[in-house]
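Working notes, beginning with the structure itself.
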Amino acid sequence: MAMLYFVVFIIMNDGTHDVVAMPVQTCPSSELTEEYYTQHQKLGAFKQWGAFCTTINFSKPKEKKV
């Protein structure tokens, strides 16, 4: 089964990091993503960020024999 995921990496001002991954129907535009996260970065919410959208292929569960 394949699912589309949007993943965001954030480095906080204190050096800690956070990673958020969420399933999406379509990838958000890079322009809107950059505008949103750059604005929050300029406001001092965090130090650095990076994001990408990718398809994850999950393995099928094995069938149990009864």
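Quick note on naming: the chains in the structure tokens go A, B, ... in the order shown, residues restart at 1 in each chain, and ligands are numbered from 1 in order of appearance.
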Please return as a PDB file with N, CA and C atoms, in the first residue's frame: the residues of region 3-55 of chain A that backbone DSSP assigns to strand (DSSP E or B).
```pdb
ATOM      1  N   MET A   3       1.266   5.426   0.345  1.00  0.00           N
ATOM      2  CA  MET A   3       0.642   6.633   0.896  1.00  0.00           C
ATOM      3  C   MET A   3       1.571   7.814   0.671  1.00  0.00           C
ATOM      4  N   LEU A   4       0.968   8.961   0.397  1.00  0.00           N
ATOM      5  CA  LEU A   4       1.711  10.197   0.201  1.00  0.00           C
ATOM      6  C   LEU A   4       1.863  10.893   1.555  1.00  0.00           C
ATOM      7  N   TYR A   5       3.102  11.263   1.907  1.00  0.00           N
ATOM      8  CA  TYR A   5       3.380  11.917   3.190  1.00  0.00           C
ATOM      9  C   TYR A   5       4.101  13.238   2.982  1.00  0.00           C
ATOM     10  N   PHE A   6       3.759  14.216   3.814  1.00  0.00           N
ATOM     11  CA  PHE A   6       4.442  15.501   3.881  1.00  0.00           C
ATOM     12  C   PHE A   6       5.247  15.490   5.172  1.00  0.00           C
ATOM     13  N   VAL A   7       6.564  15.712   5.080  1.00  0.00           N
ATOM     14  CA  VAL A   7       7.464  15.613   6.230  1.00  0.00           C
ATOM     15  C   VAL A   7       8.155  16.955   6.444  1.00  0.00           C
ATOM     16  N   VAL A   8       8.163  17.420   7.696  1.00  0.00           N
ATOM     17  CA  VAL A   8       8.794  18.698   8.037  1.00  0.00           C
ATOM     18  C   VAL A   8       9.806  18.462   9.167  1.00  0.00           C
ATOM     19  N   PHE A   9      11.025  18.953   8.976  1.00  0.00           N
ATOM     20  CA  PHE A   9      12.073  18.909   9.987  1.00  0.00           C
ATOM     21  C   PHE A   9      12.267  20.329  10.504  1.00  0.00           C
ATOM     22  N   ILE A  10      12.291  20.486  11.826  1.00  0.00           N
ATOM     23  CA  ILE A  10      12.475  21.816  12.416  1.00  0.00           C
ATOM     24  C   ILE A  10      13.575  21.746  13.463  1.00  0.00           C
ATOM     25  N   ILE A  11      14.528  22.680  13.392  1.00  0.00           N
ATOM     26  CA  ILE A  11      15.547  22.827  14.435  1.00  0.00           C
ATOM     27  C   ILE A  11      15.137  24.030  15.270  1.00  0.00           C
ATOM     28  N   HIS A  17      15.327  19.324  18.090  1.00  0.00           N
ATOM     29  CA  HIS A  17      14.690  19.215  16.777  1.00  0.00           C
ATOM     30  C   HIS A  17      13.332  18.539  16.900  1.00  0.00           C
ATOM     31  N   ASP A  18      12.538  18.726  15.877  1.00  0.00           N
ATOM     32  CA  ASP A  18      11.206  18.135  15.818  1.00  0.00           C
ATOM     33  C   ASP A  18      10.975  17.676  14.383  1.00  0.00           C
ATOM     34  N   VAL A  19      10.311  16.549  14.246  1.00  0.00           N
ATOM     35  CA  VAL A  19       9.966  16.025  12.928  1.00  0.00           C
ATOM     36  C   VAL A  19       8.478  15.728  12.929  1.00  0.00           C
ATOM     37  N   VAL A  20       7.783  16.236  11.936  1.00  0.00           N
ATOM     38  CA  VAL A  20       6.350  16.000  11.803  1.00  0.00           C
ATOM     39  C   VAL A  20       6.107  15.361  10.444  1.00  0.00           C
ATOM     40  N   ALA A  21       5.367  14.262  10.435  1.00  0.00           N
ATOM     41  CA  ALA A  21       5.015  13.600   9.175  1.00  0.00           C
ATOM     42  C   ALA A  21       3.507  13.403   9.164  1.00  0.00           C
ATOM     43  N   MET A  22       2.894  13.781   8.060  1.00  0.00           N
ATOM     44  CA  MET A  22       1.436  13.647   7.986  1.00  0.00           C
ATOM     45  C   MET A  22       1.024  13.140   6.616  1.00  0.00           C
ATOM     46  N   PRO A  23       0.059  12.227   6.572  1.00  0.00           N
ATOM     47  CA  PRO A  23      -0.440  11.772   5.273  1.00  0.00           C
ATOM     48  C   PRO A  23      -1.231  12.892   4.614  1.00  0.00           C
ATOM     49  N   GLN A  48      15.869  26.725  12.032  1.00  0.00           N
ATOM     50  CA  GLN A  48      15.934  26.244  10.654  1.00  0.00           C
ATOM     51  C   GLN A  48      14.815  25.253  10.395  1.00  0.00           C
ATOM     52  N   TRP A  49      14.528  25.035   9.129  1.00  0.00           N
ATOM     53  CA  TRP A  49      13.495  24.069   8.778  1.00  0.00           C
ATOM     54  C   TRP A  49      13.785  23.476   7.400  1.00  0.00           C
ATOM     55  N   GLY A  50      13.178  22.349   7.128  1.00  0.00           N
ATOM     56  CA  GLY A  50      13.250  21.702   5.823  1.00  0.00           C
ATOM     57  C   GLY A  50      12.010  20.832   5.672  1.00  0.00           C
ATOM     58  N   ALA A  51      11.541  20.661   4.452  1.00  0.00           N
ATOM     59  CA  ALA A  51      10.323  19.872   4.233  1.00  0.00           C
ATOM     60  C   ALA A  51      10.383  19.182   2.880  1.00  0.00           C
ATOM     61  N   PHE A  52       9.691  18.061   2.791  1.00  0.00           N
ATOM     62  CA  PHE A  52       9.547  17.384   1.508  1.00  0.00           C
ATOM     63  C   PHE A  52       8.289  16.534   1.514  1.00  0.00           C
ATOM     64  N   CYS A  53       7.859  16.150   0.338  1.00  0.00           N
ATOM     65  CA  CYS A  53       6.680  15.319   0.164  1.00  0.00           C
ATOM     66  C   CYS A  53       7.127  14.059  -0.571  1.00  0.00           C
ATOM     67  N   THR A  54       6.690  12.892  -0.099  1.00  0.00           N
ATOM     68  CA  THR A  54       7.151  11.649  -0.705  1.00  0.00           C
ATOM     69  C   THR A  54       6.104  10.549  -0.578  1.00  0.00           C
ATOM     70  N   THR A  55       6.210   9.574  -1.428  1.00  0.00           N
ATOM     71  CA  THR A  55       5.338   8.409  -1.349  1.00  0.00           C
ATOM     72  C   THR A  55       6.048   7.333  -0.533  1.00  0.00           C
TER      73      THR A  55
END
```
Task: Atomic distance CA of Cys27 (chain A) - CA of Phe58 (chain A), expressed in Å with one decimal - done: 18.5 Å
TODO: Please give the complete set of residues from chain A that DSSP, run on the backbone, assigns to helix (DSSP H, G or I), formatted as a ChimeraX atom specification.
DONE: /A:30-42
Residue subset to file, keeping N, CA, C and O atoms, as an mmCIF file, in the first residue's frame:
```cif
data_model
loop_
_atom_site.group_PDB
_atom_site.id
_atom_site.type_symbol
_atom_site.label_atom_id
_atom_site.label_comp_id
_atom_site.auth_asym_id
_atom_site.auth_seq_id
_atom_site.Cartn_x
_atom_site.Cartn_y
_atom_site.Cartn_z
ATOM 1 N N SER A 30 5.273 24.116 -3.044
ATOM 2 C CA SER A 30 6.524 24.519 -2.407
ATOM 3 C C SER A 30 6.518 26.001 -2.080
ATOM 4 O O SER A 30 7.093 26.435 -1.089
ATOM 5 N N GLU A 31 5.819 26.808 -2.892
ATOM 6 C CA GLU A 31 5.751 28.250 -2.628
ATOM 7 C C GLU A 31 5.015 28.540 -1.320
ATOM 8 O O GLU A 31 5.486 29.324 -0.497
ATOM 9 N N LEU A 32 3.858 27.910 -1.122
ATOM 10 C CA LEU A 32 3.092 28.128 0.114
ATOM 11 C C LEU A 32 3.831 27.578 1.325
ATOM 12 O O LEU A 32 3.841 28.194 2.392
ATOM 13 N N THR A 33 4.462 26.422 1.166
ATOM 14 C CA THR A 33 5.213 25.819 2.268
ATOM 15 C C THR A 33 6.362 26.728 2.670
ATOM 16 O O THR A 33 6.561 27.015 3.856
ATOM 17 N N GLU A 34 7.112 27.206 1.674
ATOM 18 C CA GLU A 34 8.240 28.082 1.969
ATOM 19 C C GLU A 34 7.777 29.385 2.609
ATOM 20 O O GLU A 34 8.371 29.858 3.575
ATOM 21 N N GLU A 35 6.699 29.955 2.107
ATOM 22 C CA GLU A 35 6.166 31.193 2.669
ATOM 23 C C GLU A 35 5.757 30.990 4.136
ATOM 24 O O GLU A 35 6.102 31.796 5.003
ATOM 25 N N TYR A 36 5.049 29.917 4.412
ATOM 26 C CA TYR A 36 4.558 29.650 5.769
ATOM 27 C C TYR A 36 5.713 29.458 6.759
ATOM 28 O O TYR A 36 5.774 30.120 7.795
ATOM 29 N N TYR A 37 6.639 28.545 6.435
ATOM 30 C CA TYR A 37 7.714 28.243 7.382
ATOM 31 C C TYR A 37 8.757 29.347 7.469
ATOM 32 O O TYR A 37 9.304 29.603 8.544
ATOM 33 N N THR A 38 9.022 30.048 6.371
ATOM 34 C CA THR A 38 9.965 31.160 6.418
ATOM 35 C C THR A 38 9.412 32.298 7.274
ATOM 36 O O THR A 38 10.156 32.922 8.046
ATOM 37 N N GLN A 39 8.117 32.561 7.166
ATOM 38 C CA GLN A 39 7.499 33.597 7.992
ATOM 39 C C GLN A 39 7.627 33.265 9.479
ATOM 40 O O GLN A 39 7.993 34.119 10.286
ATOM 41 N N HIS A 40 7.361 32.011 9.848
ATOM 42 C CA HIS A 40 7.483 31.601 11.255
ATOM 43 C C HIS A 40 8.942 31.645 11.718
ATOM 44 O O HIS A 40 9.224 31.996 12.865
ATOM 45 N N GLN A 41 9.867 31.315 10.815
ATOM 46 C CA GLN A 41 11.285 31.390 11.145
ATOM 47 C C GLN A 41 11.681 32.845 11.415
ATOM 48 O O GLN A 41 12.385 33.144 12.377
ATOM 49 N N LYS A 42 11.217 33.763 10.571
ATOM 50 C CA LYS A 42 11.525 35.186 10.758
ATOM 51 C C LYS A 42 10.949 35.731 12.060
ATOM 52 O O LYS A 42 11.518 36.640 12.662
#
```
